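Asks: Supplied structure: protein.csv, CSV, C-alpha atoms.
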chain,number,residue,atom,x,y,z
T,541,LEU,CA,76.7,-9.5,-4.2
T,542,GLY,CA,79.7,-8.8,-2.0
T,543,ALA,CA,80.0,-5.4,-3.4
T,544,LEU,CA,76.5,-4.4,-2.1
T,545,PRO,CA,76.8,-1.3,0.0
T,546,PRO,CA,75.4,-1.6,3.5
T,547,PRO,CA,72.0,0.0,4.2
T,548,ARG,CA,71.7,3.3,5.7
T,549,MET,CA,72.1,3.6,9.4
T,550,ALA,CA,68.5,3.1,10.5
T,551,GLY,CA,68.7,1.6,13.9
T,552,ARG,CA,69.5,-1.9,15.1
T,553,TRP,CA,66.3,-3.5,13.7
T,554,SER,CA,66.7,-1.9,10.3
T,555,ARG,CA,70.3,-3.2,9.9
T,556,LEU,CA,69.3,-6.6,11.1
T,557,VAL,CA,66.4,-7.0,8.6
T,558,ALA,CA,68.5,-5.6,5.7
T,559,SER,CA,71.4,-8.0,6.4
T,560,ARG,CA,69.1,-11.0,6.7
T,561,SER,CA,67.4,-10.0,3.4
T,562,VAL,CA,70.8,-9.9,1.7
T,563,ALA,CA,71.8,-13.3,3.0
T,564,MET,CA,68.5,-14.9,2.0
T,565,LEU,CA,68.7,-13.5,-1.6
T,566,ARG,CA,72.4,-14.5,-1.8
T,567,SER,CA,71.4,-18.1,-1.2
T,568,PHE,CA,69.6,-18.1,-4.5
T,569,SER,CA,72.6,-17.1,-6.4
T,570,THR,CA,73.4,-20.8,-6.9
T,571,ARG,CA,71.2,-23.8,-7.6
T,572,GLY,CA,72.3,-25.8,-4.7
T,573,ALA,CA,75.1,-28.3,-3.8
T,574,GLY,CA,76.4,-30.3,-6.6
T,575,ARG,CA,74.8,-28.2,-9.3
T,576,ARG,CA,76.3,-25.8,-11.8
T,577,PRO,CA,76.4,-22.2,-10.5
T,578,LEU,CA,74.5,-19.5,-12.3
T,579,GLY,CA,76.0,-17.7,-15.2
T,580,ALA,CA,77.4,-14.2,-15.2
T,581,ALA,CA,74.3,-12.7,-16.6
T,582,SER,CA,72.1,-14.5,-14.0
T,583,ARG,CA,74.4,-13.4,-11.1
T,584,LEU,CA,74.2,-9.8,-12.3
T,585,PHE,CA,70.4,-10.0,-12.5
T,586,VAL,CA,70.1,-11.5,-9.0
T,587,SER,CA,72.6,-9.0,-7.5
T,588,GLY,CA,70.6,-6.1,-8.9
T,589,GLY,CA,67.4,-7.5,-7.4
T,590,VAL,CA,69.0,-8.1,-4.1
T,591,ALA,CA,70.4,-4.5,-4.0
T,592,ALA,CA,67.0,-3.0,-4.8
T,593,GLY,CA,65.1,-5.2,-2.4
T,594,ALA,CA,67.5,-4.5,0.5
T,595,ALA,CA,67.6,-0.8,-0.1
T,596,GLY,CA,63.7,-0.7,-0.2
T,597,VAL,CA,63.4,-2.6,3.0
T,598,ALA,CA,66.0,-0.4,4.8
T,599,SER,CA,64.3,2.8,3.5
T,600,LEU,CA,60.9,1.7,4.8
T,601,LEU,CA,62.3,0.8,8.2
T,602,VAL,CA,64.1,4.2,8.4
T,603,PHE,CA,60.8,6.0,7.6
T,604,ALA,CA,59.1,4.0,10.3
T,605,GLU,CA,61.7,4.8,13.0
T,606,GLU,CA,62.0,8.5,12.1
T,607,LYS,CA,59.6,11.1,13.2
T,608,VAL,CA,57.1,11.6,10.4
T,609,PRO,CA,54.9,14.7,10.2
T,610,ALA,CA,51.2,14.1,10.8
T,611,PRO,CA,49.0,13.5,7.7
T,612,PRO,CA,47.7,16.6,5.9
T,613,ALA,CA,44.1,16.0,7.1
T,614,VAL,CA,45.2,16.0,10.7
T,615,ILE,CA,47.3,19.1,10.2
T,616,GLU,CA,44.4,21.0,8.7
T,617,GLN,CA,42.1,19.9,11.5
T,618,LYS,CA,44.5,21.2,14.1
T,619,ALA,CA,45.3,24.4,12.2
T,620,HIS,CA,41.6,25.2,11.9
T,621,VAL,CA,41.4,27.2,15.1
T,622,PRO,CA,40.1,30.8,15.3
T,623,ALA,CA,42.9,33.3,15.9
T,624,SER,CA,41.0,34.7,18.9
T,625,GLU,CA,41.3,31.3,20.7
T,626,VAL,CA,45.1,31.1,20.2
T,627,SER,CA,46.9,32.2,23.4
T,628,GLU,CA,50.2,31.8,25.1
T,629,PRO,CA,50.6,28.9,27.5
T,630,ALA,CA,49.2,29.8,30.9
T,631,THR,CA,50.6,29.1,34.3
T,632,PRO,CA,49.4,25.8,35.9
T,633,ALA,CA,46.0,26.3,37.6
T,634,PRO,CA,45.5,25.2,41.2
T,635,ALA,CA,44.6,21.5,41.7
T,636,GLY,CA,40.9,20.8,41.1
T,637,PRO,CA,38.5,19.7,38.4
T,638,ALA,CA,39.5,21.0,35.0
T,639,GLU,CA,37.2,23.4,33.2
T,640,PRO,CA,36.2,22.1,29.7
T,641,SER,CA,37.5,24.1,26.8
T,642,LYS,CA,35.4,25.4,24.0
T,643,GLY,CA,36.9,22.8,21.7
T,644,ASP,CA,36.0,20.0,24.1
T,645,SER,CA,32.5,21.3,24.5
T,646,LYS,CA,32.0,21.4,20.7
T,647,GLN,CA,33.4,17.9,20.4
T,648,GLU,CA,31.1,16.6,23.1
T,649,GLY,CA,28.2,18.2,21.4
T,650,GLN,CA,29.0,16.6,18.1
T,651,GLU,CA,29.4,13.2,19.8
T,652,ALA,CA,26.0,13.6,21.3
T,653,GLY,CA,24.5,13.9,17.8
T,654,GLY,CA,24.2,17.6,17.3
T,655,ASP,CA,25.9,21.0,17.6
T,656,VAL,CA,26.4,22.8,20.9
T,657,GLY,CA,23.1,23.8,22.3
T,658,GLY,CA,21.2,21.5,19.9
T,659,LYS,CA,18.7,20.4,22.5
T,660,ASP,CA,16.1,19.6,19.8
T,661,ALA,CA,18.5,17.2,18.0
T,662,ALA,CA,19.4,15.5,21.2
T,663,ALA,CA,15.7,15.1,22.1
T,664,VAL,CA,15.1,13.5,18.7
T,665,VAL,CA,18.0,11.1,19.2
T,666,GLU,CA,16.7,10.2,22.6
T,667,THR,CA,13.2,9.7,21.4
T,668,GLU,CA,14.3,7.4,18.5
T,669,SER,CA,16.4,5.4,20.9
T,670,LYS,CA,13.4,4.5,23.0
T,671,GLU,CA,11.8,1.2,22.3
T,672,LYS,CA,8.2,1.2,21.1
T,673,ASP,CA,5.6,0.1,23.6
T,674,PRO,CA,4.5,-3.4,22.5
T,675,ASN,CA,1.1,-2.8,24.1
T,676,ALA,CA,0.5,0.6,22.5
T,677,ILE,CA,-2.7,0.8,20.4
T,678,VAL,CA,-3.1,2.2,16.9
T,679,ASP,CA,-3.5,6.0,16.7
T,680,ILE,CA,-6.6,6.5,14.6
T,681,SER,CA,-6.7,10.3,14.9
T,682,LYS,CA,-5.5,10.7,11.3
T,683,LEU,CA,-7.8,8.0,9.9
T,684,GLN,CA,-11.2,8.3,8.3
T,685,VAL,CA,-14.0,8.9,10.7
T,686,TYR,CA,-16.9,6.5,10.3
T,687,ASP,CA,-20.3,8.3,10.2
T,688,ARG,CA,-22.7,6.1,12.2
T,689,ASN,CA,-25.6,8.4,11.5
T,690,TRP,CA,-25.1,8.3,7.7
T,691,ASP,CA,-28.8,7.7,7.1
T,692,GLY,CA,-30.0,10.4,9.6
T,693,ARG,CA,-32.0,7.7,11.5
T,694,ALA,CA,-29.8,7.1,14.5
T,695,PRO,CA,-32.2,7.1,17.5
T,696,LYS,CA,-31.7,9.8,20.1
T,697,GLU,CA,-31.5,9.1,23.8
T,698,GLY,CA,-34.8,7.7,25.1
T,699,GLU,CA,-36.1,6.9,21.6
T,700,PRO,CA,-36.8,3.2,20.6
T,701,LYS,CA,-33.9,1.5,18.8
T,702,PRO,CA,-34.0,-0.7,15.8
T,703,LYS,CA,-33.7,-4.4,16.5
T,704,ALA,CA,-33.7,-6.0,13.0
T,705,SER,CA,-31.3,-6.0,10.1
T,706,ARG,CA,-32.1,-5.1,6.5
T,707,PHE,CA,-30.5,-7.2,3.7
T,708,LEU,CA,-30.4,-5.7,0.2
T,709,ILE,CA,-29.7,-8.3,-2.6
T,710,LEU,CA,-28.5,-6.2,-5.6
T,711,VAL,CA,-28.8,-8.2,-8.8
T,712,ARG,CA,-27.3,-7.1,-12.1
T,713,HIS,CA,-29.5,-7.8,-15.1
T,714,GLY,CA,-28.6,-10.5,-17.6
T,715,HIS,CA,-26.5,-10.3,-20.8
T,716,TYR,CA,-28.1,-8.0,-23.3
T,717,LEU,CA,-27.7,-6.5,-26.8
T,718,ASP,CA,-25.4,-3.6,-25.9
T,719,THR,CA,-24.8,-2.6,-29.5
T,720,LYS,CA,-28.3,-1.3,-29.9
T,721,LYS,CA,-29.0,2.4,-29.6
T,722,THR,CA,-32.3,2.6,-27.8
T,723,ASP,CA,-33.3,1.1,-24.5
T,724,ALA,CA,-36.2,-0.7,-26.0
T,725,GLU,CA,-33.9,-2.5,-28.3
T,726,ARG,CA,-31.4,-3.5,-25.6
T,727,ILE,CA,-33.1,-6.6,-24.5
T,728,LEU,CA,-31.7,-9.8,-23.1
T,729,THR,CA,-29.9,-12.3,-25.3
T,730,SER,CA,-30.5,-16.0,-25.1
T,731,THR,CA,-27.5,-16.2,-22.7
T,732,GLY,CA,-29.0,-13.4,-20.6
T,733,ARG,CA,-32.3,-15.2,-20.3
T,734,GLN,CA,-30.5,-18.4,-19.2
T,735,GLN,CA,-28.6,-16.4,-16.6
T,736,ALA,CA,-31.8,-14.9,-15.3
T,737,ARG,CA,-33.4,-18.3,-14.9
T,738,VAL,CA,-30.5,-19.6,-13.0
T,739,VAL,CA,-30.3,-16.6,-10.6
T,740,ALA,CA,-34.1,-16.9,-10.2
T,741,ARG,CA,-33.8,-20.4,-8.9
T,742,ARG,CA,-30.9,-19.4,-6.6
T,743,ILE,CA,-33.0,-16.6,-5.0
T,744,ALA,CA,-36.0,-18.9,-4.6
T,745,ASP,CA,-33.8,-21.5,-2.9
T,746,MET,CA,-32.5,-19.0,-0.3
T,747,PRO,CA,-33.2,-19.9,3.3
T,748,TRP,CA,-35.1,-16.7,3.8
T,749,GLU,CA,-38.3,-15.2,2.4
T,750,VAL,CA,-38.0,-12.4,-0.1
T,751,SER,CA,-39.7,-9.3,1.5
T,752,LYS,CA,-39.9,-7.2,-1.7
T,753,VAL,CA,-38.5,-7.0,-5.2
T,754,ILE,CA,-37.5,-3.6,-6.6
T,755,VAL,CA,-36.5,-3.0,-10.2
T,756,SER,CA,-35.2,-0.4,-12.6
T,757,ASP,CA,-37.5,0.7,-15.4
T,758,MET,CA,-35.0,-0.1,-18.2
T,759,ALA,CA,-35.9,-2.9,-20.6
T,760,ARG,CA,-33.0,-5.3,-19.7
T,761,ALA,CA,-33.7,-5.0,-16.0
T,762,GLN,CA,-37.4,-5.4,-16.5
T,763,GLU,CA,-36.9,-8.6,-18.5
T,764,THR,CA,-34.6,-10.0,-15.8
T,765,PHE,CA,-37.1,-9.1,-13.1
T,766,ASP,CA,-40.0,-10.9,-15.0
T,767,ILE,CA,-38.0,-14.1,-15.1
T,768,ILE,CA,-37.1,-13.8,-11.4
T,769,MET,CA,-40.7,-13.3,-10.4
T,770,GLN,CA,-41.7,-16.5,-12.0
T,771,SER,CA,-39.8,-18.4,-9.2
T,772,LEU,CA,-41.3,-16.3,-6.4
T,773,PRO,CA,-44.7,-16.2,-4.8
T,774,GLU,CA,-47.3,-14.1,-6.6
T,775,GLU,CA,-48.0,-12.1,-3.4
T,776,THR,CA,-44.3,-10.9,-3.2
T,777,PRO,CA,-44.5,-7.0,-3.2
T,778,THR,CA,-42.8,-5.3,-6.1
T,779,THR,CA,-41.8,-1.7,-6.8
T,780,VAL,CA,-40.5,0.0,-10.0
T,781,MET,CA,-37.9,2.6,-9.2
T,782,PRO,CA,-36.8,4.8,-12.1
T,783,GLY,CA,-34.0,6.3,-10.1
T,784,LEU,CA,-32.2,2.9,-10.5
T,785,ARG,CA,-31.7,3.4,-14.2
T,786,GLU,CA,-28.1,3.0,-15.5
T,787,GLY,CA,-26.0,6.1,-15.6
T,788,ARG,CA,-22.8,7.8,-14.6
T,789,PRO,CA,-23.1,8.5,-10.9
T,790,CYS,CA,-19.7,10.3,-10.5
T,791,GLN,CA,-16.4,10.7,-12.3
T,792,PRO,CA,-14.4,7.5,-11.7
T,793,ILE,CA,-10.7,7.7,-10.8
T,794,PRO,CA,-8.8,6.7,-12.8
T,795,ALA,CA,-10.9,7.8,-15.8
T,796,SER,CA,-12.3,5.2,-18.2
T,797,ARG,CA,-11.0,4.6,-21.7
T,798,SER,CA,-13.6,7.0,-23.0
T,799,GLY,CA,-12.1,9.9,-21.0
T,800,LEU,CA,-13.7,12.3,-18.5
T,801,TYR,CA,-17.4,12.6,-18.3
T,802,LYS,CA,-19.4,15.7,-19.0
T,803,GLN,CA,-20.2,17.6,-15.8
T,804,SER,CA,-23.9,17.9,-16.8
T,805,THR,CA,-24.2,14.2,-17.2
T,806,VAL,CA,-22.7,13.5,-13.8
T,807,ASP,CA,-24.9,16.1,-12.2
T,808,ARG,CA,-28.0,14.7,-13.7
T,809,ASP,CA,-27.3,11.0,-13.2
T,810,GLY,CA,-25.7,11.5,-9.8
T,811,LEU,CA,-28.6,13.3,-8.4
T,812,ARG,CA,-31.1,10.7,-9.5
T,813,ILE,CA,-29.0,7.7,-8.3
T,814,ASP,CA,-28.4,9.4,-5.0
T,815,GLU,CA,-32.1,9.9,-4.4
T,816,ALA,CA,-32.7,6.2,-5.0
T,817,TYR,CA,-29.9,5.4,-2.6
T,818,ARG,CA,-31.6,7.3,0.2
T,819,ASP,CA,-34.8,5.5,-0.4
T,820,LEU,CA,-33.2,2.1,-0.3
T,821,PHE,CA,-30.3,2.4,2.1
T,822,HIS,CA,-31.3,3.0,5.7
T,823,ARG,CA,-31.5,1.1,8.9
T,824,ALA,CA,-34.7,-0.7,9.9
T,825,SER,CA,-37.4,1.1,11.7
T,826,PRO,CA,-37.9,0.3,15.4
T,827,ASP,CA,-41.2,-1.4,14.7
T,828,GLN,CA,-39.6,-4.0,12.3
T,829,GLU,CA,-39.5,-7.2,14.3
T,830,LYS,CA,-37.5,-9.5,12.0
T,831,ASP,CA,-34.8,-9.2,9.4
T,832,SER,CA,-35.9,-8.2,5.9
T,833,HIS,CA,-34.5,-9.3,2.5
T,834,GLU,CA,-35.2,-7.1,-0.5
T,835,VAL,CA,-34.1,-8.0,-4.0
T,836,VAL,CA,-33.1,-5.0,-6.2
T,837,VAL,CA,-32.7,-5.7,-9.9
T,838,CYS,CA,-30.7,-2.9,-11.5
T,839,HIS,CA,-27.3,-2.1,-13.2
T,840,ALA,CA,-23.6,-2.5,-12.7
T,841,ASN,CA,-22.7,1.1,-12.4
T,842,VAL,CA,-25.4,1.7,-9.8
T,843,ILE,CA,-24.5,-1.4,-7.8
T,844,ARG,CA,-20.8,-0.6,-7.7
T,845,TYR,CA,-21.4,3.0,-6.8
T,846,TYR,CA,-23.8,2.0,-4.0
T,847,VAL,CA,-21.3,-0.4,-2.5
T,848,CYS,CA,-18.6,2.3,-2.3
T,849,LYS,CA,-21.1,4.8,-0.9
T,850,ALA,CA,-22.5,2.4,1.7
T,851,LEU,CA,-19.1,1.4,2.9
T,852,GLN,CA,-18.1,5.1,3.1
T,853,VAL,CA,-15.1,4.6,0.8
T,854,PRO,CA,-14.3,7.1,-2.0
T,855,THR,CA,-17.2,6.7,-4.5
T,856,GLU,CA,-14.9,7.5,-7.4
T,857,ALA,CA,-13.4,4.0,-7.1
T,858,TRP,CA,-16.6,2.4,-8.4
T,859,LEU,CA,-15.3,1.7,-11.9
T,860,ARG,CA,-12.5,-0.5,-10.4
T,861,ILE,CA,-15.0,-3.1,-9.4
T,862,GLY,CA,-16.2,-5.7,-11.9
T,863,LEU,CA,-19.7,-7.3,-11.8
T,864,PRO,CA,-20.8,-10.3,-14.0
T,865,HIS,CA,-24.3,-10.4,-15.5
T,866,CYS,CA,-26.9,-11.9,-13.1
T,867,SER,CA,-24.5,-11.8,-10.2
T,868,TYR,CA,-25.8,-10.7,-6.8
T,869,THR,CA,-24.3,-8.5,-4.1
T,870,VAL,CA,-25.6,-8.8,-0.5
T,871,ILE,CA,-25.4,-5.8,1.8
T,872,GLU,CA,-26.5,-5.9,5.4
T,873,ILE,CA,-27.6,-2.8,7.3
T,874,LYS,CA,-27.5,-3.6,11.0
T,875,PRO,CA,-29.7,-2.1,13.7
T,876,SER,CA,-26.7,0.0,14.8
T,877,GLY,CA,-26.4,1.5,11.3
T,878,LEU,CA,-23.2,-0.4,10.6
T,879,VAL,CA,-23.1,-1.5,6.9
T,880,SER,CA,-21.2,-4.6,5.7
T,881,VAL,CA,-20.9,-6.4,2.4
T,882,ARG,CA,-21.8,-10.1,2.9
T,883,GLY,CA,-20.9,-11.0,-0.7
T,884,MET,CA,-20.2,-9.2,-3.9
T,885,GLY,CA,-20.6,-10.2,-7.5
T,886,ASP,CA,-21.4,-13.8,-6.5
T,887,THR,CA,-21.8,-16.2,-9.5
T,888,HIS,CA,-21.0,-19.5,-8.0
T,889,TYR,CA,-24.4,-20.8,-9.1
T,890,LEU,CA,-23.8,-20.0,-12.7
T,891,PRO,CA,-22.0,-22.6,-15.0
T,892,PRO,CA,-18.7,-21.2,-16.4
T,893,HIS,CA,-20.1,-20.7,-19.9
T,894,LEU,CA,-22.8,-18.4,-18.4
T,895,VAL,CA,-20.4,-16.0,-16.6
T,896,THR,CA,-20.1,-12.9,-18.7
T,897,TYR,CA,-19.3,-9.3,-18.0
T,898,SER,CA,-20.2,-7.4,-21.2
What is this structure when it is put down as structure tokens?

Replies:
Amino acid sequence: LGALPPPRMAGRWSRLVASRSVAMLRSFSTRGAGRRPLGAASRLFVSGGVAAGAAGVASLLVFAEEKVPAPPAVIEQKAHVPASEVSEPATPAPAGPAEPSKGDSKQEGQEAGGDVGGKDAAAVVETESKEKDPNAIVDISKLQVYDRNWDGRAPKEGEPKPKASRFLILVRHGHYLDTKKTDAERILTSTGRQQARVVARRIADMPWEVSKVIVSDMARAQETFDIIMQSLPEETPTTVMPGLREGRPCQPIPASRSGLYKQSTVDRDGLRIDEAYRDLFHRASPDQEKDSHEVVVCHANVIRYYVCKALQVPTEAWLRIGLPHCSYTVIEIKPSGLVSVRGMGDTHYLPPHLVTYS
């Protein structure tokens, strides 16, 4: 250890740290007072480590005290100056506010969030930095516009206005033999007849009087209608409406498992179902004094399509709605023309074993 050459001349602090390092490492050359000193091989190993450590510390301190060139990234940034902007040092200007250089202007522009002259970018930053008004209302300019005169019966100025609501109770027929081919064979099963009797009692127990019962002319709807009428007064008006027959009112999105419909089928069924819709869905006339409640016995596709159409939502969503057999859907048409669904696919009156879909 005594033969260790002194560190390079690297300043007072470098020499001091190096010498202290040598002294500290030398203290480990023995195992302490009263103990056997290290062997020759051990002293050689320690001396080599001391020499390497001291030389490394001294070199680092020398590098820290010497003037080291700027990192390459800084050099490249400083060197990236157009030749046209490089000029000889000018004589000192008179005292006064200093004019900003082109480089300073560019730097200030970048710090502001955009290039020099980027007023649009600065405006965006300024706009985003503003806090939103907590009292601002929703902008509905891009939302769907609700057609309040959807039935073409909105009263004009000076004309009498409706004062009563119309309630349509849309009842799906009961469970039927859907594997049969003809309509006459697709009659209610024993489950379907039980369902019809339960919904008939439910309608009869309603706190309002049934104004009219309207029914499709298909066999399963007719049979359900007959059972319902057994629970209603004989004088209850009834109407058969062929336009309510089951069909494909429009192409659903997404398509069903059977794929896309034929355009001719949609044109035929859609026209018929839409005509029945116009006959059923409209606000009350001005001479109607009290609310009316009309029961409509028909089919799942028709009811689902009518719900979407009445609410002015995309009608191609009708297949996403499920309706159990002998469930009922209540739609209210208010005097103002506003339509609301008061209940949909209700089956709370059916016992669990009578709730079926297909």

Asks: At what distance in Å, to one decimal, does CA of Leu894 in chain T lie from CA of Thr729 in chain T?

Replies: 11.6 Å

Asks: Find the residues near range 872-881 of chain T: any atom within 9 Å, counting only C-alpha atoms, skip ones fewer than 2 places away on the same chain, and give them as a PyMOL selection string.

Replies: chain T and resi 688-691+693-694+701-709+821-826+847+850-851+869-870+883-884

Asks: Figure out the distance between CA of Val837 in chain T and CA of Thr731 in chain T, please, to one decimal in Å.

Replies: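 CA of Val837 in chain T lies 17.4 Å from CA of Thr731 in chain T.
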
Asks: When you draw a straight line from CA of Arg741 in chain T to CA of Val835 in chain T, how long is it in Å?

Replies: 13.3 Å

Asks: List every protein, DNA or RNA residue that has at least one atom no more than 8 Å from (-27.9, -18.8, -13.9) in the file's coordinates, counting all atoms listed in the file, and write the result as a PyMOL selection string.

Replies: chain T and resi 734-742+866+887+889-891+894
